[in-house]
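This report concerns only the one structure given below.
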Amino acid sequence: MEERIYFDHAATTPLDKRVFEKMTPYYIECFGNADSPHALGRKAMGAVDDARDTVARLINANKNEVYFTSGGTEADNWALIGGAYAKRKEGRNEIVVSAIEHHAVLSAAERLGKEGFAVRYLPVNAAGAVEAEEIEKAVNDKTAIVALMAANNETGVLQPIDVAEKVAHRNGALFFTDAVQYAPYMPIDVKKINADMLAFSAHKFYGPKGVGVLYIKNGVRIEKLIGGGEQERGLRGGTLNVAAIVGLATAYDIARREMEKNNEKITALSRLFMEKLDTVYGLNRNGVGENALPSVINLRFDGVENTSFLFNMDLQGVCLAAGSACASASVKPSHVLTAMGLTEKQAKESVRFSFGKNNTEAEIARGAELAIQTIEKLRKAD
């Protein structure tokens with residue numbers, strides 16, 4: 001078998017060697033607890049402070065608005081649940097989330113629904129985007145928080161967060177955006193986005209797994225999600241993962257500096273891949289439009305079940321996914337694709353290809369060739 005081809009960067013990315021080098025001393029040499037008062041602890045806290053400064057500078061925030069979490073899932077849960085709890089004290093008992101949010105947001109919304117909040121779900125159009133009028137209809141003076149992701153993790157389609165922010169604030173609600181997929185490819189300026197809270201995760205931009213950021217705008221009050229110690233200004237208990245935090249800041253700094261170059265390369269690779277598949281019968285793209293990330297292509301192959309396709313591609317050394325890695329064990333069709341109007345059968349014929357900065361034209365050509373061969377093989381077998 002030839003060397004394995006990785007087309008699943010929306011699920012996770014390989015750790016950049018430059019990031020690993022920055023992290024290593026905080027596992028071996030400077031291993032102190034960042035909250036300890038001795039020299040090793042102070043040195044560890046210094047590294048955390050430097051990382052916080054870096055992240056704040058890159059997203060145009062104040063350093064005291066940056067909170068480190070265990071990843072996007074924790075940040076999503078904290079923002080939605082913590083924000084809703086805080087707003088309930090003002091008599092607001094409704095939340096608005098899009099139907100295509102990451103499972104972390106949808107699970108948090110479900111929990112809040114069981115606790116007495118009314119949950120309103122924003123539908124999407126056939127292209128996979130929430131429409132402005134749907135946001136206007138859903139938000140009112142009882143809304144506690146509006147959650148709309150910046151870019152969808154299964155289709156790459158960008159969402160109208162500018163509209164959601166304005167509607168939420170006009171009605172006195174908080175606005176939160178999950179920018180986990182957005183952060184590696186689009187510059188974040190929290191002043192321009194004007195979100196009350198915004199989340200992203202290091203492992204999507206060649207950083208370590210298990211660490212993320214929740215930005216909370218100064219003046220916004222939310223309830224804590226994790227009790228324990230007084231870390232993160234008393235709002236998030238737990239010993240800080242110093243090495244991972246250093247890795248996140250390093251990886252995000254690299255991602256921002258190399259963003260334009262990487263986007264140009266990935267855009268070209270995506271176009272090449274679609275050109276190679278141009279002759280495939282029954283090929284459909286889910287989430288078509290210019291307003292999408294350069295890295296994600298969600299395709300439907302008529303008559304080809306995605307589980308069989310993924311299994312056969314994996315046997316030939318190509319790593320792919322049907323959708324979110326968090327739902328990969330589920331036999332249910334993608335909630336994103338069915339929200340876009342696809343039937344259950346069509347959703348189960350869909351596959352996500354997501355490319356990264358280390359992919360090559362040779363891998364694109366080989367991956368496309370194997371995809372075509374696999375499609376033909378599975379159609380003949382039916």
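By convention in this document, the chains of the structure tokens carry letters A, B, ... by their order, each chain's residues are numbered from 1, and ligands are numbered from 1 in the order they are shown.
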
Tell me which protein, DNA and RNA residues are within 10 Å of Thr12 of chain A, counting only C-alpha atoms, leaving out same-chain ones fewer than 6 positions away, and put them as a list in words.
-> Ser201, Ala202, His203, Lys204, Phe205, Tyr206, Gly207, Pro208, Lys209, Ala325, Ser354 and Gly356 of chain A

Can those selected residues be exported to a file as a PDB file, in the first residue's frame so that it contains C-alpha atoms?
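As written to disk, out_22.pdb reads:
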ATOM      1  CA  SER A 201     -10.056  24.720  19.411  1.00  0.00           C
ATOM      2  CA  ALA A 202      -6.330  24.155  18.811  1.00  0.00           C
ATOM      3  CA  HIS A 203      -6.449  20.793  17.068  1.00  0.00           C
ATOM      4  CA  LYS A 204      -8.226  22.251  14.033  1.00  0.00           C
ATOM      5  CA  PHE A 205      -5.176  24.405  13.175  1.00  0.00           C
ATOM      6  CA  TYR A 206      -2.299  21.968  13.749  1.00  0.00           C
ATOM      7  CA  GLY A 207      -2.187  22.422  17.507  1.00  0.00           C
ATOM      8  CA  PRO A 208      -2.666  19.872  20.303  1.00  0.00           C
ATOM      9  CA  LYS A 209      -5.936  18.154  21.149  1.00  0.00           C
ATOM     10  CA  ALA A 325     -16.171  12.936  14.029  1.00  0.00           C
ATOM     11  CA  SER A 354     -11.514  18.056   4.025  1.00  0.00           C
ATOM     12  CA  GLY A 356      -5.117  20.622   4.679  1.00  0.00           C
TER      13      GLY A 356
END

Residues near Glu29 of chain A, cut-off 12 Å, only C-alpha atoms, skip fewer than 5 positions along chain, as a ChimeraX atom specification = /A:22-24,40-41,43-44,243

Across A:Met186, A:Leu112, A:Ala47, A:Ala126, the smallest distance to Arg257 of chain A, with only C-alpha atoms counted, is shown by A:Met186

Proximity to Glu363 of chain A - best of A:Leu378, A:Pro333, A:Lys276, A:Ile193, only C-alpha atoms | A:Lys276

Residues at most 8 Å from Met197 of chain A, counting only C-alpha atoms, excluding those fewer than 3 positions away in the same chain, as a ChimeraX atom specification?
-> /A:79,175-177,214-217

Once you count only C-alpha atoms, what closest atom pair and distance in Å to one decimal does each residue of segment 177-222 of chain A within 6 Å of segment 131-152 of chain A have, with rows by chain and rising residue number, as a Markdown table?
| residue | atom | partner | partner_atom | distance |
| --- | --- | --- | --- | --- |
| A:Thr177 | CA | A:Met149 | CA | 4.8 |
| A:Asp178 | CA | A:Met149 | CA | 4.5 |
| A:Ala179 | CA | A:Ala150 | CA | 5.2 |
| A:Gln181 | CA | A:Ala151 | CA | 5.9 |
| A:Tyr182 | CA | A:Ala151 | CA | 5.4 |

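Considering the residues A:Gly229, A:Gly303, A:Pro184, A:Gly128 and counting only C-alpha atoms, Leu283 of chain A has its shortest atom-to-atom contact with A:Gly303.
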
Which of A:Gly156, A:Pro25, A:Gly83, A:Gly367 sits closest to Val296 of chain A [using only C-alpha atoms] = A:Gly156

Taking the backbone alone, and naming residues the way the document does, which bits of segment 127-294 of chain A are strand (DSSP E or B) by DSSP, as a PyMOL selection string?
-> chain A and resi 143-147+151+157-158+174-178+197-201+212-216+283-286+292

Same residues, N, CA and C atoms, saved as a CSV table (one decimal), in the first residue's frame:
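That gives us selection31.csv:
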chain,number,residue,atom,x,y,z
A,143,THR,N,-35.7,36.0,24.6
A,143,THR,CA,-34.5,35.2,24.3
A,143,THR,C,-33.4,35.5,25.2
A,144,ALA,N,-32.8,34.4,25.7
A,144,ALA,CA,-31.6,34.6,26.6
A,144,ALA,C,-30.3,34.6,25.7
A,145,ILE,N,-30.2,33.7,24.8
A,145,ILE,CA,-29.0,33.6,24.0
A,145,ILE,C,-29.3,33.1,22.6
A,146,VAL,N,-28.5,33.6,21.6
A,146,VAL,CA,-28.6,33.1,20.2
A,146,VAL,C,-27.3,32.5,19.9
A,147,ALA,N,-27.3,31.3,19.4
A,147,ALA,CA,-26.1,30.6,19.0
A,147,ALA,C,-26.1,30.2,17.6
A,151,ALA,N,-19.0,28.8,10.8
A,151,ALA,CA,-18.8,28.0,9.6
A,151,ALA,C,-19.2,26.5,10.0
A,157,VAL,N,-20.0,25.7,4.9
A,157,VAL,CA,-20.8,26.9,4.6
A,157,VAL,C,-20.7,27.9,5.7
A,158,LEU,N,-20.4,29.2,5.3
A,158,LEU,CA,-20.3,30.3,6.3
A,158,LEU,C,-21.8,30.7,6.6
A,174,LEU,N,-27.9,37.6,24.5
A,174,LEU,CA,-26.5,37.3,24.2
A,174,LEU,C,-26.3,36.7,22.9
A,175,PHE,N,-25.1,36.9,22.2
A,175,PHE,CA,-24.8,36.2,21.0
A,175,PHE,C,-23.5,35.4,21.1
A,176,PHE,N,-23.6,34.1,20.8
A,176,PHE,CA,-22.4,33.2,20.9
A,176,PHE,C,-22.2,32.6,19.5
A,177,THR,N,-20.9,32.5,19.1
A,177,THR,CA,-20.6,31.8,17.8
A,177,THR,C,-19.5,30.8,18.1
A,178,ASP,N,-19.8,29.6,17.6
A,178,ASP,CA,-18.8,28.5,17.6
A,178,ASP,C,-17.9,28.7,16.3
A,197,MET,N,-19.6,35.9,23.1
A,197,MET,CA,-18.8,34.8,23.4
A,197,MET,C,-18.4,34.1,22.0
A,198,LEU,N,-17.2,33.6,22.0
A,198,LEU,CA,-16.7,33.0,20.7
A,198,LEU,C,-15.8,31.8,21.1
A,199,ALA,N,-15.9,30.7,20.5
A,199,ALA,CA,-15.1,29.5,20.8
A,199,ALA,C,-14.3,29.0,19.7
A,200,PHE,N,-13.0,28.5,20.0
A,200,PHE,CA,-12.3,27.8,19.0
A,200,PHE,C,-11.4,26.8,19.7
A,201,SER,N,-10.8,25.9,18.9
A,201,SER,CA,-10.1,24.7,19.4
A,201,SER,C,-8.8,24.5,18.7
A,212,GLY,N,-8.7,24.6,24.2
A,212,GLY,CA,-9.5,25.5,23.4
A,212,GLY,C,-9.6,26.8,24.1
A,213,VAL,N,-10.3,27.7,23.4
A,213,VAL,CA,-10.5,29.1,24.0
A,213,VAL,C,-12.0,29.4,24.0
A,214,LEU,N,-12.4,30.1,25.1
A,214,LEU,CA,-13.7,30.7,25.0
A,214,LEU,C,-13.4,32.2,25.3
A,215,TYR,N,-13.7,33.0,24.3
A,215,TYR,CA,-13.7,34.5,24.5
A,215,TYR,C,-15.0,34.9,25.1
A,216,ILE,N,-14.9,35.7,26.2
A,216,ILE,CA,-16.1,36.3,26.9
A,216,ILE,C,-15.8,37.8,26.9
A,283,LEU,N,-23.0,12.6,-9.3
A,283,LEU,CA,-22.2,13.4,-8.3
A,283,LEU,C,-22.9,14.7,-8.0
A,284,ASN,N,-23.1,14.9,-6.7
A,284,ASN,CA,-23.8,16.1,-6.2
A,284,ASN,C,-23.0,16.7,-5.1
A,285,ARG,N,-22.9,18.1,-5.1
A,285,ARG,CA,-22.2,18.7,-4.0
A,285,ARG,C,-23.3,19.3,-3.0
A,286,ASN,N,-23.1,19.0,-1.7
A,286,ASN,CA,-23.9,19.5,-0.6
A,286,ASN,C,-23.3,20.8,-0.1
A,292,ALA,N,-18.1,29.8,1.5
A,292,ALA,CA,-17.8,28.5,2.2
A,292,ALA,C,-16.3,28.5,2.5

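Remark: for Gly91 of chain A, the closest of the candidate residues A:Gly172, A:Leu293, A:Gly71, A:Val66 is A:Gly172 (distances computed over only C-alpha atoms).
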
Selection near Pro123 of chain A, 9 Å with only C-alpha atoms, sequence-local residues under 4 positions removed, as a count of residues only = 9
